[in-house]
Amino acid sequence: MSKLEIVNLSKIYGKGESEVEALKGINLSIENGKFTAIVGPSGSGKSTLLHCTAGLDNPTTGEVILDGKNIFKLSEEEMSKLRRRKFGFIFQSFNLIPVIDIYENITLPISIDNKKIDTEYISEIINTLGLKDKVSKFPNELSGGQQQRVAIARALANRPEIIFADEPTGNLDSETTAEVIELLKLSVEKFGQTLVMITHDENIASTADILITIKDGKIVKKAENKQRKRH
Amino acid sequence: MLRYMKIAWKYIREYKKRSIAMILSIALSVFLVVTIGSLAESTRVLQVNDAKKDSGLQHVRYDGVNMEQVNKIKEYQNVKKVANSFYYDGWNHESGLTVNILGAEKNILYMESNKMKVGRFSTKSNEIAVEEWVLDRLRIPHELNQTIKISLAENGEKEFKLVGIIENNLDKQSVGNLEAYVAFNDENLAGRENHIYSFVEFKEDLNYRDEAKKLGKQVGVKDEKRIVLNRGLLTAMGELNAIDWDLVKKSLFLMVVGGMVIYSIYNISVLKRVQEYGMMRAIGSTKKQIIYVILSELFIVYMIGVLLGILLGVFFTNLFKGSTMSSGLFTEIDYKLDIVVISRFAIGLAMLTSFGSILLSAIRGSILVNRVSPVEAINRSTQDSNIKFKERESFIEKVLTIPKKVSYKNLRRNKKTIIFTIVSMAVGCTLFMVQTFKTELWTRDWKYRNSIDKSQMYEFRLNTNEGRPMKEGYTTEQIDEISKLPQVQDVSFKQVLYSELKINKKILNGIYGKNYIKFMNSENGFLKDLGDFSFEGVTKDEMIIRNTILGLSDRDLKSLSKGLKEGQIDIDQMKNEPVAVVHIPKVNEKGLYFDHTGKSKSESALNLKVGDKITVTIPKKGYDKGIDTVRLLAEHDKSQYIDQEFTIIGITDVLPDKDGFHLGTDLAPYLFISGNMFKELSGIDKYRLVRVDMKDNYTEGDYKILKEEVQKMSEIIPGTLLEDRVEYLKEAEKSDITYDLLKNSISIILILISGLSIYNNINYNLISRIREHGIMKAIGLTKKQFRNMIRFEGLIYGIISATFSCAIALMIELGIFIYYAYIFDKYSEPVLLLKRFFIEWKSFLIVIAINLSIGYIATIGPRRQVDKIEITDAIRAVE
């Protein structure tokens, strides 16, 4: 399992007077197989950190090392491959493709990679996430919670090493939130993946293995939750 | 209002690309209507001018008036110009040609749209002015003040001084009508005082038909036959003043296409800024105020577009004016379109129709603003989110990769857009394809027709005068000599014999046949001076009607065989047996050969079919003296005629050639027989009709040489009519090129407008799905995969649009073909001889290429735009 190292990561938006330093030399190591939660107030740089770490955005300076290589040195093609093979993403607003059905949405990263779908594994994910009777439906036929479950299934489909979740419960009610988080954690543990999640929810954060607090583009606290229960 | 205008102007500047696209769309439509309208009006002005050249500037001619009446005409208040002339005498030239000498006032040149080349018009009794080509034909040097001895038909020999050379009148030249002018004075007029022809041009904007009658009454011309209206000119002028419905149709058509483009662009624009409208509503703007902003914006766009379009139209139309144009389509001839007018009607129409199309967008914008609440607008929840999908996958979906499937499904999702795009694209493409097909259809038919008969293509034609004895004509040696000239491409020659046909009255085709005979015997039918058209036969059932026999060479028989409607030609049989091919005039129920409305059904005047026997009766003698033949034909006397029976082996609708003189009317039936049989029947072995086709790409030098040779040939038989159609054909070709250029320009501009629409729609579709693209890229879609996906979508648009255009065009083309090949024929002479459908592949390939290109090109912009956007921004984008 690879280890993700964040070295001196900075991100500056804009120029001159409108310049904003979103990340100020962040150094962090994401541990394998653990659930890392990133918390902080709005505008603290959480999302920027997550996007840069996941290769969705380019930092102004700094490196993200995976398997001994700085991912920003990769070509666009290699970066795309990295994202679809090693990373999984869950967004706040589900971000499903509306014109294809649930099964196709779940298997999208595999289809894009032109790989054969491991139907047994996908069925397992679908069953775990309780989507069995929804696979032939379309995203707009599902509720928010169901759509986010599909997003989780999609993130897991390609057996990624790390799953990045950007406030995955931000658009859900509290009951659905609890359900989705439970499922997410269950899946990650079941399939042995690393989870990096941004959240505002203290309850969710309290269940993480590692809690990173970020403020004004800097990590202000890193705490390990040794009491966290494993399923 | 100014406030709204200011806000609207800001919007226009803010959404530059869209504003430019809308302005361009309006400008293109206006430009097209102004250009087409102006060129069409110019063409009609040209037609009026042609009519003036053909039949003169006069609105009416009063025949047989005297000087007292002439003076009254000149004094009439609504008269603009008057030119008087009279027939002075005939000039019997030593070449055998007869020149009509007219006593005329100088204004006669004005009336003929002609002018002096050098010298002046005749003013004294012994002065004469002649057209340049007439001097050439008579081989008189172009020297002013020379004395010409003229042998007058009625007044013996007289000397005249050549005081002026007049410019060539192309029409007279093309039919070989020789004329010369002497002075209009008392001395010349003596004895002809009551035989003046008075040509009258009225002032503008009058009802000329009424004026002509009124003036006739005032000067005491009671006989209506002596009031000769210039129908050609009046018809052309009537068309000029009438509403150009063709242009109106085109404008409405453009309004639909242009309107669709503007509508879709503006629709997208409004949807994009609906959030801003919501903000404005939230902070207190009324719906009315926002609608005013929308209207102001569209008004500004409209004004800029219209002005730009008019300027472009005027500029483009003026490019035609006096400029030399050439087209590689049919010829390399360069020419000038001298008369170009800017059509006010077209400008008005363009403004009105483009206003119509912009109004559509204004209504759409207003409805949207009216319907959406501020909160909805801010949240942009204006689009329908209830997307319905089919659960079952189509075959195409099954074989597509996921990225392409996403594209394909998105296309299916945006049905309205795709229909809009395809229809607007198909309009231009279909018009282009149909236009190309029609051009090719007529070109093929033209070629086919010419392979049967080159009557429309020859440059020179020699027609022995009917007054010359029938046995006279050109020998094969003489024809061979001219055929061998390097300037000559082809020579066709025919023998001519005026004859009569003995028919049983039963073969008259009902009312068509009966009225045909009636019409031919009327004053408007066959020339009365030459006797009746039909005679009673020996028995009650028999009837004798005039006809013409043409003796054809093997070469011409071979050509004729292609144009047979029924039967077939066996050349050997035709050479040795009394068999013939017939051409029977087609007439309508009134017995008329031509119906300008084109609405009445036509049928053959006689019921004849292959295998029928037909009896031709010809004068026994009289072939040594031409005049005797005419007299013999004028009154049928059975004792002087011999009969010959022919079996019909073929029927043709094509009349390959006819005698240009009175006796050779194409209103009568024709019999085509072999040269052998012709000789056997009449004893004549010479050819009275010779057509010379000059080689293509001839030079001015070639023309001069051949003209001289042909003239020499014409002089062998005195009085031979020589038609020189070189200039005339050039003019006809120019008109064809203008027509094609115009039609192709229309299609190209329509494709351009449609292209804008397709580009805009694809662009919007892709841009509006930026988030979707962001997600796909986030989960690992590579740049290459993304590019392929977008390209695929653009190409799918292109493919569907091309398929649709091709299918529609093919159906229309088939319809056009069926109409001209099988339906239109019933109403007139066959317009389409080559009844063979074809697919004009070139235009199909061009349209496919254009559609695919536009589909592809339309993806470049959005692709780059999406490429530029960071994945994180794309994901955050609101649809």
# chains A, B, ... in the order shown; residues from 1 in each chain; ligands from 1
call {"tool": "closest_atom_pairs", "arguments": {"of": "chain B", "to": "chain A", "cutoff": "6 Å", "atoms": "only C-alpha atoms", "output": "Markdown table"}}
result
| residue | atom | partner | partner_atom | distance |
| --- | --- | --- | --- | --- |
| B:Lys409 | CA | A:Val99 | CA | 5.8 |
| B:Ile779 | CA | A:Arg84 | CA | 5.2 |
| B:Gly780 | CA | A:Arg84 | CA | 4.2 |
| B:Thr782 | CA | A:Ser80 | CA | 5.2 |
| B:Ile871 | CA | A:Leu56 | CA | 5.9 |
call {"tool": "write_last_selection", "arguments": {"atoms": "C-alpha atoms", "output": "PDB file, in the first residue's frame"}}
result
ATOM      1  CA  LYS B 409     -27.156  10.106 -24.524  1.00  0.00           C
ATOM      2  CA  ILE B 779     -12.319  10.246 -12.133  1.00  0.00           C
ATOM      3  CA  GLY B 780      -9.635   9.698 -14.701  1.00  0.00           C
ATOM      4  CA  THR B 782      -7.619  11.537 -20.090  1.00  0.00           C
ATOM      5  CA  ILE B 871     -11.148  20.313 -12.865  1.00  0.00           C
TER       6      ILE B 871
END
call {"tool": "select_by_dssp", "arguments": {"residues": "region 535-599 of chain B", "states": "helix (DSSP H, G or I)", "output": "list of chain:residue names"}}
result
B:Asp554, B:Arg555, B:Asp556, B:Leu557, B:Lys558, B:Ser559, B:Leu560, B:Ser561, B:Lys562, B:Ile571, B:Asp572, B:Gln573, B:Met574, B:Lys575, B:Asn576
call {"tool": "closest_residue", "arguments": {"among": "B:Val491, B:Ile402, B:Leu311, B:Leu462", "to": "Glu715 (chain B)", "atoms": "only C-alpha atoms"}}
result
B:Leu462
call {"tool": "closest_residue", "arguments": {"among": "A:Lys215, A:Lys222, A:Lys115, A:Lys185", "to": "Leu23 (chain A)", "atoms": "only C-alpha atoms"}}
result
A:Lys215
call {"tool": "atom_distance", "arguments": {"atom1": "CA of Ile767 (chain B)", "atom2": "CA of Ser407 (chain B)"}}
result
12.9 Å
call {"tool": "residues_around", "arguments": {"residues": "Arg226 (chain B)", "least_positions_apart": "3", "cutoff": "7 Å", "atoms": "only C-alpha atoms", "output": "MDAnalysis selection string"}}
result
chainID B and resid 62:63 223
call {"tool": "residues_around", "arguments": {"residues": "Lys218 (chain A)", "least_positions_apart": "2", "cutoff": "12 Å", "atoms": "only C-alpha atoms", "output": "MDAnalysis selection string"}}
result
chainID A and resid 8:11 21:28 38:41 43:46 48:49 212:216 220:222
call {"tool": "write_last_selection", "arguments": {"atoms": "C-alpha atoms", "output": "short mmCIF file (atom, residue, chain, number, x, y, z; two decimals), in the first residue's frame"}}
result
data_model
loop_
_atom_site.label_atom_id
_atom_site.label_comp_id
_atom_site.auth_asym_id
_atom_site.auth_seq_id
_atom_site.Cartn_x
_atom_site.Cartn_y
_atom_site.Cartn_z
CA ASN A 8 5.77 22.08 1.58
CA LEU A 9 2.55 22.52 -0.38
CA SER A 10 1.52 26.11 -1.20
CA LYS A 11 -1.25 27.49 -3.36
CA GLU A 21 -2.49 32.39 -0.25
CA ALA A 22 -4.79 29.42 0.26
CA LEU A 23 -2.12 26.96 1.40
CA LYS A 24 1.03 27.98 3.20
CA GLY A 25 3.71 25.31 3.06
CA ILE A 26 1.77 22.31 4.24
CA ASN A 27 3.65 19.18 5.23
CA LEU A 28 1.63 16.07 5.94
CA ILE A 38 -9.63 17.39 7.66
CA VAL A 39 -11.56 20.05 9.50
CA GLY A 40 -11.40 23.80 9.65
CA PRO A 41 -13.48 26.91 9.14
CA GLY A 43 -11.95 29.44 3.56
CA SER A 44 -9.25 27.76 5.64
CA GLY A 45 -7.91 25.85 2.62
CA LYS A 46 -9.37 22.36 3.28
CA THR A 48 -7.66 23.28 -1.84
CA LEU A 49 -5.52 20.89 0.16
CA ILE A 212 -6.18 17.39 10.91
CA THR A 213 -7.27 20.91 11.73
CA ILE A 214 -6.41 23.54 9.24
CA LYS A 215 -6.69 27.31 9.53
CA ASP A 216 -5.56 30.10 7.22
CA VAL A 220 -2.77 23.94 13.24
CA LYS A 221 -3.41 20.58 14.79
CA LYS A 222 -2.92 16.92 14.03
#
call {"tool": "decode", "arguments": {"residues": "region 631-712 of chain B", "atoms": "C-alpha atoms", "output": "PDB file, in the first residue's frame"}}
result
ATOM      1  CA  ARG B 631     -47.813  30.143-105.412  1.00  0.00           C
ATOM      2  CA  LEU B 632     -48.399  26.470-105.806  1.00  0.00           C
ATOM      3  CA  LEU B 633     -48.579  26.093-102.092  1.00  0.00           C
ATOM      4  CA  ALA B 634     -50.892  29.052-101.681  1.00  0.00           C
ATOM      5  CA  GLU B 635     -53.684  27.291-103.545  1.00  0.00           C
ATOM      6  CA  HIS B 636     -53.856  23.569-103.603  1.00  0.00           C
ATOM      7  CA  ASP B 637     -54.534  22.267-107.069  1.00  0.00           C
ATOM      8  CA  LYS B 638     -54.566  18.498-107.190  1.00  0.00           C
ATOM      9  CA  SER B 639     -53.625  18.300-110.844  1.00  0.00           C
ATOM     10  CA  GLN B 640     -50.254  19.814-110.136  1.00  0.00           C
ATOM     11  CA  TYR B 641     -49.405  17.600-107.182  1.00  0.00           C
ATOM     12  CA  ILE B 642     -48.018  14.133-106.755  1.00  0.00           C
ATOM     13  CA  ASP B 643     -48.575  11.913-103.748  1.00  0.00           C
ATOM     14  CA  GLN B 644     -46.095   9.766-101.882  1.00  0.00           C
ATOM     15  CA  GLU B 645     -47.023   7.469 -99.051  1.00  0.00           C
ATOM     16  CA  PHE B 646     -44.697   7.065 -96.079  1.00  0.00           C
ATOM     17  CA  THR B 647     -44.859   4.666 -93.176  1.00  0.00           C
ATOM     18  CA  ILE B 648     -44.190   6.251 -89.802  1.00  0.00           C
ATOM     19  CA  ILE B 649     -41.312   4.508 -88.033  1.00  0.00           C
ATOM     20  CA  GLY B 650     -40.772   7.067 -85.312  1.00  0.00           C
ATOM     21  CA  ILE B 651     -42.327  10.021 -83.529  1.00  0.00           C
ATOM     22  CA  THR B 652     -40.274  12.803 -81.992  1.00  0.00           C
ATOM     23  CA  ASP B 653     -41.049  15.796 -79.820  1.00  0.00           C
ATOM     24  CA  VAL B 654     -37.791  17.440 -80.852  1.00  0.00           C
ATOM     25  CA  LEU B 655     -37.758  19.691 -83.842  1.00  0.00           C
ATOM     26  CA  PRO B 656     -34.106  19.696 -84.853  1.00  0.00           C
ATOM     27  CA  ASP B 657     -34.262  22.568 -87.269  1.00  0.00           C
ATOM     28  CA  LYS B 658     -36.765  24.628 -89.114  1.00  0.00           C
ATOM     29  CA  ASP B 659     -36.807  26.962 -92.007  1.00  0.00           C
ATOM     30  CA  GLY B 660     -36.651  30.541 -90.762  1.00  0.00           C
ATOM     31  CA  PHE B 661     -38.957  31.803 -93.510  1.00  0.00           C
ATOM     32  CA  HIS B 662     -42.716  31.927 -93.516  1.00  0.00           C
ATOM     33  CA  LEU B 663     -43.274  28.581 -95.099  1.00  0.00           C
ATOM     34  CA  GLY B 664     -41.169  26.725 -92.605  1.00  0.00           C
ATOM     35  CA  THR B 665     -43.354  27.365 -89.567  1.00  0.00           C
ATOM     36  CA  ASP B 666     -42.813  25.071 -86.616  1.00  0.00           C
ATOM     37  CA  LEU B 667     -46.542  25.243 -85.981  1.00  0.00           C
ATOM     38  CA  ALA B 668     -47.000  22.783 -88.835  1.00  0.00           C
ATOM     39  CA  PRO B 669     -46.149  19.070 -88.784  1.00  0.00           C
ATOM     40  CA  TYR B 670     -42.698  17.997 -89.926  1.00  0.00           C
ATOM     41  CA  LEU B 671     -41.601  14.871 -91.728  1.00  0.00           C
ATOM     42  CA  PHE B 672     -38.010  13.680 -91.471  1.00  0.00           C
ATOM     43  CA  ILE B 673     -36.775  11.428 -94.222  1.00  0.00           C
ATOM     44  CA  SER B 674     -33.367  10.318 -95.443  1.00  0.00           C
ATOM     45  CA  GLY B 675     -31.420  12.398 -97.953  1.00  0.00           C
ATOM     46  CA  ASN B 676     -31.798   9.509-100.417  1.00  0.00           C
ATOM     47  CA  MET B 677     -35.558   9.445-100.228  1.00  0.00           C
ATOM     48  CA  PHE B 678     -35.623  13.216-100.373  1.00  0.00           C
ATOM     49  CA  LYS B 679     -33.741  13.156-103.650  1.00  0.00           C
ATOM     50  CA  GLU B 680     -35.927  10.409-104.988  1.00  0.00           C
ATOM     51  CA  LEU B 681     -39.056  12.337-104.091  1.00  0.00           C
ATOM     52  CA  SER B 682     -38.052  15.792-105.307  1.00  0.00           C
ATOM     53  CA  GLY B 683     -34.947  15.371-107.425  1.00  0.00           C
ATOM     54  CA  ILE B 684     -33.175  17.917-105.151  1.00  0.00           C
ATOM     55  CA  ASP B 685     -29.725  17.049-103.793  1.00  0.00           C
ATOM     56  CA  LYS B 686     -28.747  20.363-102.267  1.00  0.00           C
ATOM     57  CA  TYR B 687     -29.044  21.650 -98.745  1.00  0.00           C
ATOM     58  CA  ARG B 688     -30.965  24.776 -97.840  1.00  0.00           C
ATOM     59  CA  LEU B 689     -30.221  24.791 -94.119  1.00  0.00           C
ATOM     60  CA  VAL B 690     -26.614  24.801 -92.963  1.00  0.00           C
ATOM     61  CA  ARG B 691     -25.579  25.270 -89.361  1.00  0.00           C
ATOM     62  CA  VAL B 692     -22.016  25.943 -88.390  1.00  0.00           C
ATOM     63  CA  ASP B 693     -20.912  25.300 -84.843  1.00  0.00           C
ATOM     64  CA  MET B 694     -17.712  27.149 -83.993  1.00  0.00           C
ATOM     65  CA  LYS B 695     -15.191  25.319 -81.823  1.00  0.00           C
ATOM     66  CA  ASP B 696     -15.278  26.006 -78.098  1.00  0.00           C
ATOM     67  CA  ASN B 697     -12.742  28.419 -76.627  1.00  0.00           C
ATOM     68  CA  TYR B 698     -12.560  30.317 -79.877  1.00  0.00           C
ATOM     69  CA  THR B 699     -10.568  33.508 -80.100  1.00  0.00           C
ATOM     70  CA  GLU B 700     -11.636  36.827 -81.570  1.00  0.00           C
ATOM     71  CA  GLY B 701      -9.388  35.978 -84.523  1.00  0.00           C
ATOM     72  CA  ASP B 702     -11.144  32.640 -85.072  1.00  0.00           C
ATOM     73  CA  TYR B 703     -14.485  34.410 -85.022  1.00  0.00           C
ATOM     74  CA  LYS B 704     -13.372  36.931 -87.634  1.00  0.00           C
ATOM     75  CA  ILE B 705     -11.997  34.265 -89.960  1.00  0.00           C
ATOM     76  CA  LEU B 706     -15.029  32.023 -89.701  1.00  0.00           C
ATOM     77  CA  LYS B 707     -17.422  34.932 -90.024  1.00  0.00           C
ATOM     78  CA  GLU B 708     -15.746  35.889 -93.276  1.00  0.00           C
ATOM     79  CA  GLU B 709     -15.861  32.314 -94.595  1.00  0.00           C
ATOM     80  CA  VAL B 710     -19.501  31.875 -93.676  1.00  0.00           C
ATOM     81  CA  GLN B 711     -20.391  35.206 -95.243  1.00  0.00           C
ATOM     82  CA  LYS B 712     -18.624  34.140 -98.414  1.00  0.00           C
TER      83      LYS B 712
END
